[in-house]
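A.B. asks: This is entry_30.txt, which holds compact mmCIF, C-alpha atoms and all ligand atoms:
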# COMPACT_ATOMS: atom_id res chain seq x y z
CA MET S 86 -61.81 -38.62 -16.45
CA THR S 87 -60.16 -38.36 -19.84
CA LYS S 88 -56.41 -38.71 -20.03
CA ASN S 89 -56.16 -36.26 -22.93
CA VAL S 90 -53.82 -33.32 -22.65
CA ALA S 91 -54.12 -30.14 -24.72
CA ILE S 92 -51.03 -28.20 -25.69
CA ILE S 93 -51.49 -24.70 -27.01
CA GLY S 94 -48.79 -23.69 -29.46
CA ALA S 95 -46.54 -25.87 -31.62
CA GLY S 96 -43.25 -24.08 -31.00
CA PHE S 97 -40.37 -25.79 -29.23
CA SER S 98 -42.05 -25.58 -25.80
CA GLY S 99 -45.30 -27.21 -26.87
CA ALA S 100 -43.72 -29.74 -29.22
CA VAL S 101 -41.18 -30.99 -26.67
CA ILE S 102 -43.81 -31.44 -23.95
CA ALA S 103 -46.15 -33.16 -26.44
CA HIS S 104 -43.33 -35.53 -27.40
CA GLN S 105 -42.42 -36.46 -23.84
CA LEU S 106 -46.03 -36.99 -22.76
CA ALA S 107 -47.00 -39.00 -25.85
CA LYS S 108 -44.01 -41.26 -25.26
CA ALA S 109 -45.28 -41.77 -21.71
CA GLY S 110 -48.65 -42.94 -23.07
CA TYR S 111 -50.75 -39.77 -23.07
CA GLN S 112 -53.06 -38.74 -25.89
CA VAL S 113 -51.97 -35.21 -26.77
CA GLU S 114 -53.78 -32.65 -28.90
CA VAL S 115 -51.70 -29.69 -30.07
CA PHE S 116 -53.59 -26.53 -31.06
CA GLU S 117 -51.70 -24.06 -33.23
CA SER S 118 -53.37 -20.86 -34.38
CA ARG S 119 -50.87 -20.29 -37.20
CA SER S 120 -50.76 -22.25 -40.44
CA HIS S 121 -47.40 -23.79 -39.52
CA ILE S 122 -45.58 -25.44 -36.61
CA ALA S 123 -42.26 -24.35 -34.98
CA GLY S 124 -43.41 -20.94 -33.69
CA ASN S 125 -40.96 -18.13 -34.30
CA CYS S 126 -38.23 -20.67 -35.17
CA HIS S 127 -40.17 -21.60 -38.31
CA SER S 128 -37.97 -21.91 -41.39
CA GLU S 129 -38.96 -22.63 -44.96
CA ARG S 130 -37.37 -22.67 -48.39
CA ASP S 131 -37.86 -19.49 -50.38
CA ALA S 132 -39.91 -20.30 -53.48
CA GLU S 133 -37.74 -18.14 -55.79
CA THR S 134 -34.22 -18.97 -54.61
CA ASN S 135 -34.66 -22.23 -52.65
CA VAL S 136 -32.67 -20.66 -49.78
CA MET S 137 -33.73 -21.87 -46.30
CA VAL S 138 -35.17 -18.74 -44.64
CA HIS S 139 -35.70 -18.13 -40.92
CA ILE S 140 -39.11 -16.53 -41.45
CA TYR S 141 -39.21 -14.81 -38.04
CA GLY S 142 -35.57 -13.70 -38.02
CA PRO S 143 -32.21 -15.35 -37.35
CA HIS S 144 -32.07 -18.37 -35.03
CA ILE S 145 -28.71 -19.95 -34.26
CA PHE S 146 -28.67 -23.02 -32.07
CA HIS S 147 -26.11 -22.90 -29.25
CA THR S 148 -26.00 -24.60 -25.87
CA ASP S 149 -23.90 -25.94 -23.02
CA ASN S 150 -26.70 -28.26 -21.97
CA GLU S 151 -25.85 -31.92 -22.73
CA ARG S 152 -29.44 -33.14 -22.36
CA VAL S 153 -30.74 -30.51 -24.78
CA TRP S 154 -27.97 -31.09 -27.33
CA LYS S 155 -28.56 -34.85 -27.24
CA PHE S 156 -32.33 -34.30 -27.52
CA VAL S 157 -32.22 -32.06 -30.62
CA ASN S 158 -29.67 -34.30 -32.32
CA GLU S 159 -32.15 -37.18 -32.17
CA PHE S 160 -34.33 -35.28 -34.64
CA SER S 161 -31.89 -33.66 -37.02
CA GLU S 162 -28.35 -33.65 -38.18
CA PHE S 163 -26.71 -30.42 -37.02
CA LYS S 164 -24.21 -28.91 -39.43
CA PRO S 165 -21.22 -27.08 -37.96
CA TYR S 166 -22.01 -23.39 -37.92
CA VAL S 167 -20.33 -20.60 -35.96
CA ASN S 168 -22.07 -17.25 -35.81
CA ARG S 169 -19.62 -14.44 -36.56
CA VAL S 170 -21.41 -11.12 -36.51
CA LYS S 171 -20.11 -7.98 -38.17
CA ALA S 172 -21.10 -4.51 -37.00
CA ILE S 173 -21.12 -1.28 -38.96
CA THR S 174 -20.74 1.99 -37.08
CA ASN S 175 -19.50 5.41 -38.23
CA ASN S 176 -19.05 3.94 -41.70
CA ARG S 177 -16.55 1.28 -40.63
CA VAL S 178 -16.89 -2.49 -40.27
CA TYR S 179 -15.93 -4.31 -37.06
CA THR S 180 -16.40 -7.75 -35.55
CA LEU S 181 -18.70 -8.52 -32.63
CA PRO S 182 -18.81 -9.48 -29.80
CA ILE S 183 -16.20 -6.96 -28.72
CA ASN S 184 -12.89 -8.79 -29.02
CA LEU S 185 -9.22 -7.92 -29.47
CA LEU S 186 -9.68 -7.11 -33.17
CA THR S 187 -12.61 -4.79 -32.39
CA ILE S 188 -10.61 -3.00 -29.69
CA ASN S 189 -7.45 -2.67 -31.79
CA GLN S 190 -9.28 -1.51 -34.92
CA PHE S 191 -11.57 0.85 -33.06
CA PHE S 192 -8.79 2.56 -31.10
CA ASN S 193 -6.19 2.17 -33.88
CA LYS S 194 -3.86 0.14 -31.66
CA THR S 195 -1.93 -3.13 -31.71
CA LEU S 196 -2.52 -4.26 -28.13
CA ARG S 197 -1.85 -7.78 -26.89
CA PRO S 198 -4.48 -9.47 -24.65
CA ALA S 199 -3.21 -8.30 -21.25
CA GLU S 200 -2.58 -4.80 -22.58
CA ALA S 201 -6.08 -4.62 -24.02
CA GLN S 202 -7.56 -5.78 -20.74
CA GLU S 203 -5.70 -3.04 -18.90
CA PHE S 204 -6.65 -0.49 -21.56
CA LEU S 205 -10.35 -1.37 -21.40
CA ALA S 206 -10.28 -1.28 -17.59
CA GLU S 207 -9.03 2.32 -17.90
CA GLN S 208 -11.88 3.10 -20.32
CA GLY S 209 -14.45 1.65 -17.88
CA ASP S 210 -16.11 3.76 -15.22
CA LYS S 211 -14.90 2.22 -11.96
CA THR S 212 -17.24 4.38 -9.88
CA ILE S 213 -20.10 2.12 -11.01
CA GLU S 214 -19.78 -0.71 -8.50
CA ASN S 215 -23.02 -2.57 -9.10
CA PRO S 216 -24.26 -2.02 -12.64
CA VAL S 217 -28.05 -2.09 -12.64
CA THR S 218 -28.95 -0.61 -16.00
CA PHE S 219 -27.77 -1.52 -19.49
CA GLU S 220 -25.88 1.78 -19.64
CA ASP S 221 -24.16 1.16 -16.26
CA GLN S 222 -23.06 -2.26 -17.45
CA ALA S 223 -21.64 -0.83 -20.70
CA LEU S 224 -19.90 2.16 -19.10
CA ARG S 225 -18.43 -0.04 -16.38
CA PHE S 226 -17.02 -2.76 -18.64
CA VAL S 227 -16.30 -1.20 -22.06
CA GLY S 228 -16.35 2.56 -21.48
CA ARG S 229 -18.17 5.39 -23.21
CA ASP S 230 -16.55 5.24 -26.68
CA LEU S 231 -17.33 1.58 -27.39
CA TYR S 232 -20.72 1.93 -25.71
CA GLU S 233 -21.75 4.82 -27.92
CA ALA S 234 -20.39 3.24 -31.09
CA PHE S 235 -21.84 -0.25 -30.72
CA PHE S 236 -24.57 -0.38 -28.09
CA LYS S 237 -26.33 2.86 -27.36
CA THR S 238 -28.04 3.58 -30.66
CA TYR S 239 -28.58 -0.07 -31.59
CA THR S 240 -30.32 -0.59 -28.27
CA VAL S 241 -32.56 2.44 -28.74
CA LYS S 242 -33.49 1.11 -32.21
CA GLN S 243 -34.07 -2.40 -30.85
CA TRP S 244 -35.95 -1.62 -27.64
CA GLY S 245 -37.37 1.88 -28.25
CA LEU S 246 -36.00 2.82 -24.82
CA ASP S 247 -32.98 4.59 -23.48
CA PRO S 248 -30.35 2.13 -22.15
CA THR S 249 -30.65 3.85 -18.75
CA GLU S 250 -34.14 2.30 -18.54
CA LEU S 251 -33.12 -1.23 -19.52
CA PRO S 252 -31.64 -3.89 -17.23
CA ALA S 253 -27.94 -4.83 -17.31
CA SER S 254 -29.00 -8.43 -18.04
CA ILE S 255 -29.64 -7.59 -21.71
CA LEU S 256 -26.04 -6.55 -22.30
CA LYS S 257 -24.73 -9.45 -20.22
CA ARG S 258 -25.85 -11.69 -23.09
CA LEU S 259 -22.75 -10.51 -24.97
CA PRO S 260 -19.20 -11.41 -23.88
CA VAL S 261 -16.14 -9.13 -24.12
CA ARG S 262 -13.04 -11.04 -25.23
CA PHE S 263 -9.37 -10.19 -25.00
CA ASN S 264 -8.36 -12.50 -27.83
CA TYR S 265 -9.25 -12.75 -31.52
CA ASP S 266 -12.14 -15.18 -30.99
CA ASP S 267 -15.11 -13.58 -32.75
CA ASN S 268 -17.56 -16.45 -32.17
CA TYR S 269 -20.74 -14.62 -31.10
CA PHE S 270 -21.54 -17.36 -28.58
CA SER S 271 -19.43 -18.93 -25.85
CA HIS S 272 -21.29 -22.26 -25.66
CA LYS S 273 -19.76 -25.69 -26.16
CA TYR S 274 -22.20 -26.73 -28.90
CA GLN S 275 -23.33 -24.62 -31.85
CA GLY S 276 -24.85 -25.60 -35.16
CA MET S 277 -27.60 -25.34 -37.73
CA PRO S 278 -30.19 -28.06 -38.31
CA LYS S 279 -29.50 -29.42 -41.80
CA ASP S 280 -33.11 -29.12 -43.01
CA GLY S 281 -34.17 -26.14 -40.91
CA TYR S 282 -36.02 -25.80 -37.62
CA THR S 283 -39.50 -26.70 -38.84
CA ALA S 284 -38.22 -30.13 -39.92
CA ILE S 285 -36.97 -30.79 -36.38
CA VAL S 286 -40.24 -29.74 -34.77
CA GLU S 287 -42.11 -31.91 -37.29
CA LYS S 288 -40.07 -34.94 -36.17
CA ILE S 289 -40.49 -34.07 -32.49
CA LEU S 290 -44.26 -34.08 -33.06
CA ASP S 291 -44.19 -37.29 -35.08
CA VAL S 292 -45.04 -39.69 -32.25
CA PRO S 293 -48.14 -41.92 -32.01
CA GLY S 294 -50.60 -40.24 -29.67
CA ILE S 295 -50.01 -36.66 -30.91
CA THR S 296 -52.59 -34.89 -33.07
CA VAL S 297 -51.75 -31.43 -34.40
CA HIS S 298 -54.49 -28.96 -35.35
CA LEU S 299 -53.14 -26.06 -37.44
CA ASN S 300 -55.08 -22.81 -37.94
CA THR S 301 -56.93 -23.65 -34.72
CA PRO S 302 -57.00 -21.10 -31.92
CA PHE S 303 -57.91 -22.53 -28.51
CA LYS S 304 -60.33 -20.78 -26.17
CA PRO S 305 -59.80 -20.96 -22.39
CA GLU S 306 -63.35 -22.34 -21.98
CA GLN S 307 -62.28 -25.46 -23.92
CA LYS S 308 -59.98 -26.47 -21.09
CA SER S 309 -62.71 -28.49 -19.37
CA ASP S 310 -62.44 -31.04 -22.21
CA TYR S 311 -58.92 -31.95 -21.07
CA ALA S 312 -57.23 -33.34 -17.98
CA HIS S 313 -54.52 -30.70 -18.32
CA VAL S 314 -53.58 -27.79 -20.58
CA PHE S 315 -50.07 -26.53 -21.36
CA TYR S 316 -50.32 -23.01 -22.70
CA SER S 317 -47.47 -21.37 -24.63
CA GLY S 318 -49.44 -18.36 -25.86
CA PRO S 319 -49.13 -14.91 -24.24
CA ILE S 320 -50.11 -15.20 -20.58
CA ASP S 321 -52.12 -11.96 -20.71
CA ALA S 322 -54.17 -13.25 -23.68
CA TRP S 323 -55.31 -16.32 -21.67
CA PHE S 324 -56.90 -13.91 -19.17
CA GLY S 325 -58.42 -11.67 -21.86
CA HIS S 326 -55.81 -8.94 -21.11
CA ARG S 327 -57.88 -8.04 -18.06
CA GLU S 328 -54.85 -6.51 -16.31
CA GLY S 329 -53.73 -4.69 -19.48
CA ARG S 330 -51.40 -5.77 -22.28
CA LEU S 331 -47.89 -6.85 -21.40
CA PRO S 332 -45.57 -4.89 -23.70
CA TYR S 333 -43.47 -6.57 -26.37
CA ARG S 334 -41.27 -5.49 -29.25
CA THR S 335 -42.25 -6.83 -32.65
CA LEU S 336 -40.14 -7.02 -35.81
CA ASP S 337 -40.81 -6.08 -39.43
CA PHE S 338 -38.68 -7.59 -42.16
CA GLU S 339 -38.13 -5.91 -45.50
CA VAL S 340 -37.23 -8.71 -47.90
CA HIS S 341 -34.56 -8.12 -50.54
CA ARG S 342 -33.84 -10.77 -53.18
CA ASP S 343 -30.70 -10.60 -55.27
CA GLN S 344 -28.15 -12.71 -57.13
CA GLY S 345 -24.81 -13.88 -55.73
CA ASP S 346 -23.58 -12.71 -52.36
CA TYR S 347 -25.22 -9.55 -51.03
CA GLN S 348 -23.23 -8.85 -47.85
CA GLY S 349 -20.72 -11.72 -47.43
CA ASN S 350 -21.95 -12.76 -43.98
CA ALA S 351 -25.11 -14.09 -42.30
CA VAL S 352 -25.64 -11.18 -39.90
CA ILE S 353 -24.44 -7.57 -40.05
CA ASN S 354 -25.57 -5.19 -37.31
CA TYR S 355 -26.08 -1.49 -38.01
CA CYS S 356 -25.15 0.18 -34.77
CA ASP S 357 -25.60 3.87 -35.58
CA ASN S 358 -28.43 6.05 -36.83
CA ALA S 359 -27.39 6.05 -40.50
CA GLN S 360 -30.01 3.30 -41.00
CA ARG S 361 -33.30 2.70 -39.28
CA TYR S 362 -32.90 -1.08 -39.41
CA THR S 363 -30.96 -2.88 -36.69
CA ARG S 364 -29.46 -5.64 -38.80
CA ILE S 365 -29.46 -7.40 -42.16
CA THR S 366 -29.62 -11.18 -42.23
CA GLU S 367 -28.56 -12.96 -45.43
CA HIS S 368 -30.08 -16.37 -44.90
CA LYS S 369 -28.04 -18.47 -47.29
CA HIS S 370 -24.95 -17.95 -45.13
CA PHE S 371 -26.68 -19.99 -42.41
CA SER S 372 -26.38 -23.01 -44.76
CA PRO S 373 -22.79 -22.77 -46.06
CA TRP S 374 -22.98 -26.43 -47.14
CA GLU S 375 -25.62 -25.52 -49.78
CA GLN S 376 -25.12 -23.76 -53.14
CA HIS S 377 -27.56 -21.08 -54.29
CA GLU S 378 -27.28 -18.53 -57.08
CA GLY S 379 -29.98 -16.32 -55.65
CA THR S 380 -30.00 -14.78 -52.21
CA VAL S 381 -32.60 -13.55 -49.70
CA CYS S 382 -31.89 -10.78 -47.19
CA TYR S 383 -34.04 -9.55 -44.33
CA PHE S 384 -33.67 -5.93 -43.29
CA GLU S 385 -34.87 -6.00 -39.67
CA TYR S 386 -36.86 -3.18 -38.05
CA SER S 387 -38.01 -3.26 -34.44
CA ARG S 388 -41.07 -1.46 -33.08
CA GLN S 389 -43.62 -1.58 -30.28
CA CYS S 390 -45.93 -4.58 -30.60
CA GLU S 391 -49.56 -3.52 -31.14
CA GLU S 392 -52.74 -5.62 -31.07
CA GLY S 393 -52.61 -8.06 -34.00
CA ASP S 394 -48.79 -7.95 -34.32
CA THR S 395 -46.54 -10.91 -33.59
CA PRO S 396 -44.93 -10.56 -30.14
CA TYR S 397 -41.15 -11.17 -30.16
CA TYR S 398 -39.21 -9.67 -27.27
CA PRO S 399 -40.84 -9.26 -23.83
CA ILE S 400 -39.71 -5.90 -22.46
CA ARG S 401 -39.84 -6.71 -18.71
CA LEU S 402 -39.18 -3.31 -17.22
CA ALA S 403 -39.90 -3.03 -13.48
CA ARG S 404 -43.43 -1.72 -14.21
CA ASP S 405 -44.08 -4.62 -16.62
CA LYS S 406 -43.10 -7.04 -13.89
CA VAL S 407 -45.71 -5.51 -11.58
CA GLN S 408 -48.32 -6.20 -14.26
CA LEU S 409 -46.85 -9.66 -14.86
CA GLU S 410 -47.18 -10.45 -11.17
CA LYS S 411 -50.94 -9.88 -11.41
CA TYR S 412 -51.13 -12.43 -14.22
CA VAL S 413 -48.92 -14.85 -12.29
CA ASN S 414 -51.36 -14.62 -9.37
CA LEU S 415 -54.31 -15.28 -11.69
CA ALA S 416 -52.45 -18.22 -13.22
CA ASN S 417 -51.69 -19.70 -9.82
CA ASP S 418 -55.45 -19.70 -9.16
CA GLU S 419 -56.22 -21.41 -12.47
CA PRO S 420 -56.32 -25.19 -11.96
CA ASN S 421 -55.03 -27.64 -14.57
CA VAL S 422 -53.21 -25.10 -16.73
CA THR S 423 -49.43 -24.77 -16.92
CA PHE S 424 -47.94 -21.69 -18.56
CA ILE S 425 -44.82 -22.39 -20.61
CA GLY S 426 -42.24 -20.82 -22.91
CA ARG S 427 -41.33 -17.29 -23.92
CA LEU S 428 -44.90 -15.98 -24.16
CA GLY S 429 -46.44 -18.09 -21.39
CA THR S 430 -43.86 -16.85 -18.87
CA TYR S 431 -43.02 -13.48 -20.51
CA ARG S 432 -39.26 -14.02 -20.61
CA TYR S 433 -36.48 -13.47 -23.22
CA LEU S 434 -35.52 -17.11 -23.87
CA ASP S 435 -32.98 -18.72 -26.18
CA MET S 436 -34.02 -21.93 -27.93
CA ASP S 437 -31.88 -24.21 -25.76
CA VAL S 438 -33.33 -22.77 -22.54
CA THR S 439 -36.83 -23.17 -23.96
CA ILE S 440 -36.17 -26.85 -24.70
CA ASP S 441 -34.54 -27.46 -21.33
CA GLU S 442 -37.50 -25.93 -19.50
CA ALA S 443 -39.97 -27.91 -21.63
CA LEU S 444 -38.16 -31.17 -20.78
CA LYS S 445 -38.25 -30.25 -17.08
CA THR S 446 -41.93 -29.32 -17.32
CA ALA S 447 -42.76 -32.72 -18.82
CA ASP S 448 -40.68 -34.44 -16.10
CA LYS S 449 -42.61 -32.52 -13.45
CA PHE S 450 -45.97 -33.41 -14.98
CA LEU S 451 -45.14 -37.12 -15.05
CA GLU S 452 -43.87 -36.93 -11.47
CA CYS S 453 -47.07 -35.18 -10.31
CA ALA S 454 -49.20 -37.76 -12.12
CA ASN S 455 -47.28 -40.54 -10.38
CA GLU S 456 -47.69 -38.97 -6.98
CA LYS S 457 -51.27 -37.81 -7.66
CA ALA S 458 -50.11 -34.28 -6.91
CA GLN S 459 -51.40 -31.07 -8.48
CA MET S 460 -49.31 -29.88 -11.45
CA PRO S 461 -48.31 -26.23 -10.76
CA ALA S 462 -49.13 -23.29 -13.04
CA PHE S 463 -45.40 -22.67 -13.51
CA VAL S 464 -42.46 -25.01 -13.35
CA ILE S 465 -40.11 -22.03 -13.76
CA ASN S 466 -40.96 -18.84 -11.86
CA PRO S 467 -41.64 -16.08 -14.45
CA LEU S 468 -40.76 -13.40 -11.88
CA GLY S 469 -37.36 -14.90 -11.06
N1 LIG A 501 -26.72 -5.10 -28.82
C1 LIG A 501 -26.23 -3.88 -29.25
N2 LIG A 501 -25.50 -3.83 -30.39
C2 LIG A 501 -25.26 -4.92 -31.15
C3 LIG A 501 -25.76 -6.17 -30.72
C4 LIG A 501 -26.50 -6.23 -29.55
O1 LIG A 501 -26.46 -2.85 -28.61
O2 LIG A 501 -24.61 -4.79 -32.21
C5 LIG A 501 -27.52 -5.13 -27.58
C6 LIG A 501 -29.00 -4.89 -27.88
O3 LIG A 501 -29.58 -4.17 -26.81
C7 LIG A 501 -29.54 -6.30 -27.94
C8 LIG A 501 -28.73 -6.99 -26.85
O4 LIG A 501 -27.42 -6.39 -26.94
O5 LIG A 501 -30.93 -6.35 -27.69
C9 LIG A 501 -28.62 -8.50 -26.97
O6 LIG A 501 -28.09 -8.82 -28.24
P1 LIG A 501 -28.37 -10.21 -28.97
O7 LIG A 501 -27.51 -10.27 -30.18
O8 LIG A 501 -28.27 -11.30 -27.97
O9 LIG A 501 -29.90 -10.01 -29.41
P2 LIG A 501 -30.90 -10.98 -30.24
O10 LIG A 501 -30.10 -11.67 -31.32
O11 LIG A 501 -31.52 -11.90 -29.23
O12 LIG A 501 -31.88 -9.99 -30.80
Using structure tokens, write down the structure from this file.
Ligand code: UDP

C.D. replies:
Amino acid sequence: MTKNVAIIGAGFSGAVIAHQLAKAGYQVEVFESRSHIAGNCHSERDAETNVMVHIYGPHIFHTDNERVWKFVNEFSEFKPYVNRVKAITNNRVYTLPINLLTINQFFNKTLRPAEAQEFLAEQGDKTIENPVTFEDQALRFVGRDLYEAFFKTYTVKQWGLDPTELPASILKRLPVRFNYDDNYFSHKYQGMPKDGYTAIVEKILDVPGITVHLNTPFKPEQKSDYAHVFYSGPIDAWFGHREGRLPYRTLDFEVHRDQGDYQGNAVINYCDNAQRYTRITEHKHFSPWEQHEGTVCYFEYSRQCEEGDTPYYPIRLARDKVQLEKYVNLANDEPNVTFIGRLGTYRYLDMDVTIDEALKTADKFLECANEKAQMPAFVINPLG
């Protein structure tokens, strides 16, 4: 039997597994249907301005995971970068995540931390003991005024659903702070790869034993040519969508090129209905160590993902999970294929989690090979 392994998709999931297996002596073929590697993290220099652009929208690297941080730093220098998001609502500019400045400006107060904490507790709806929905979570912890100004409309624009239909977990991504720290993330490590994300993935894939095929879709029937397949495409696509299409949101970007500084910050969110876009990303602010006269901005619009669109955010409502479960059952009956990453497991994943799971998946594969055990369809339970 051949020792070759096929990896479908050259995003972080596929590239990290390819790297680990090639280093362990496997011959690995990576099949990527797009014309480039790095998946939705792909970045490239804009031909007109030379600005490094995150082609599929803003990606900021942040993690608490030592193994992941050490791993990515082997392949790129990370420049210090702290994401500080601004939000526009009712024609005024605030800082996000909600912090002491947001609270004081929004309510026209000069509260100190403990006072603000008490004030926000009064705003919150204490009758909601166990927040289940996005709206519950917001009403419980920040109260109706902040919820309506910053979250309600943005969320409808982003997800196409009322926040009463969405899980609390989406809002739990954002902290609420009672100090003036406006760092969007609370992780120990944060930074931007000096030469962009595609350069990192290129280095991760640059190991003897790895062959990358671009513009090459992989058909499930080809799996018999390989000892094992790692699949990072959409799980429903592997099974020909036989249980229906799992719903995603997709994004459209309207590109605006200009001179100088267009908005003075990398990301500004538009939280009310005055604009249809959710946010504007000005990419050159992600590389503050570079100088550029021109600038490139992405106006970001979210909509339902249709056939032929690029899937971005898995929606994962309760009914979607019922459909997902059918695919998970099919996958568990499919020998020699492991489903990985955001699309393979239909989960909303940050880059660091993706890399951590890919490292663990490679560990598991090598362990199974050692013990002559069957590699499972999932190393991380997609329904968890
Ligand atoms: N969100 C919001 N208003 C904002 C920013 C975020 O309502 O100004 C909500 C929205 O539902 C979003 C979620 O919080 O999908 C998570 O935000 P995050 O910034 O993590 O989203 P991402 O950058 O992954 O799109």

A.B. asks: Show me which residues sit within 9 Å of ligand LIG 501 (chain A) when counting only C-alpha atoms and all ligand atoms, and put them as a ChimeraX atom specification.

C.D. replies: /S:142-145,170-173,181-182,219,232,234-244,248,251,254-259,269,353-356,363-364,398,433-435

A.B. asks: Using all atoms listed in the file, pick whichever of S:His298, S:His147, S:Arg169, S:His368 has the shortest atom-to-atom distance to His272 in chain S.

C.D. replies: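 The shortest atom-to-atom distance to His272 in chain S comes from S:His147.
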
A.B. asks: Write out as a list in words the residues lying within 7 Å of Gly276 in chain S, counting all atoms listed in the file and excluding same-chain residues fewer than 5 positions away.

C.D. replies: Ile145, Phe146, His147, Phe163, Lys164, Pro165, Tyr166 and Val167 of chain S

A.B. asks: So what do you get for CA of Gly294 in chain S versus CA of Tyr111 in chain S, distance-wise?

C.D. replies: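 It comes out at 6.6 Å.
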
A.B. asks: Tell me which of S:Pro216, S:Pro420, S:Gly469, S:Pro461 sits closest to Pro305 in chain S, counting all atoms listed in the file.

C.D. replies: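 Checking each of S:Pro216, S:Pro420, S:Gly469, S:Pro461 against Pro305 in chain S, counting all atoms listed in the file, the winner is S:Pro420.
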
A.B. asks: Out of S:Val297, S:Val153, S:Ala107, S:Ala284, which residue has the shortest atom-to-atom distance to Ser120 in chain S when counting all atoms listed in the file?

C.D. replies: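 Checking each of S:Val297, S:Val153, S:Ala107, S:Ala284 against Ser120 in chain S, counting all atoms listed in the file, the winner is S:Val297.
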
A.B. asks: For range 340-351 of chain S, I'd like the enclosing box, axis-aligned and padded by 3 Å on every side, reported as JSON with centre and edge lengths in Å to one decimal.

C.D. replies:
{"center_x": -29.0, "center_y": -11.1, "center_z": -49.7, "size_x": 22.5, "size_y": 12.0, "size_z": 20.8}

A.B. asks: Can you tell me, as a PyMOL selection string, which residues sit within 10 Å of (-54.4, -30.0, -11.6) in the file's frame, using only C-alpha atoms?

C.D. replies: chain S and resi 312-314+419-423+450+453-454+457-462
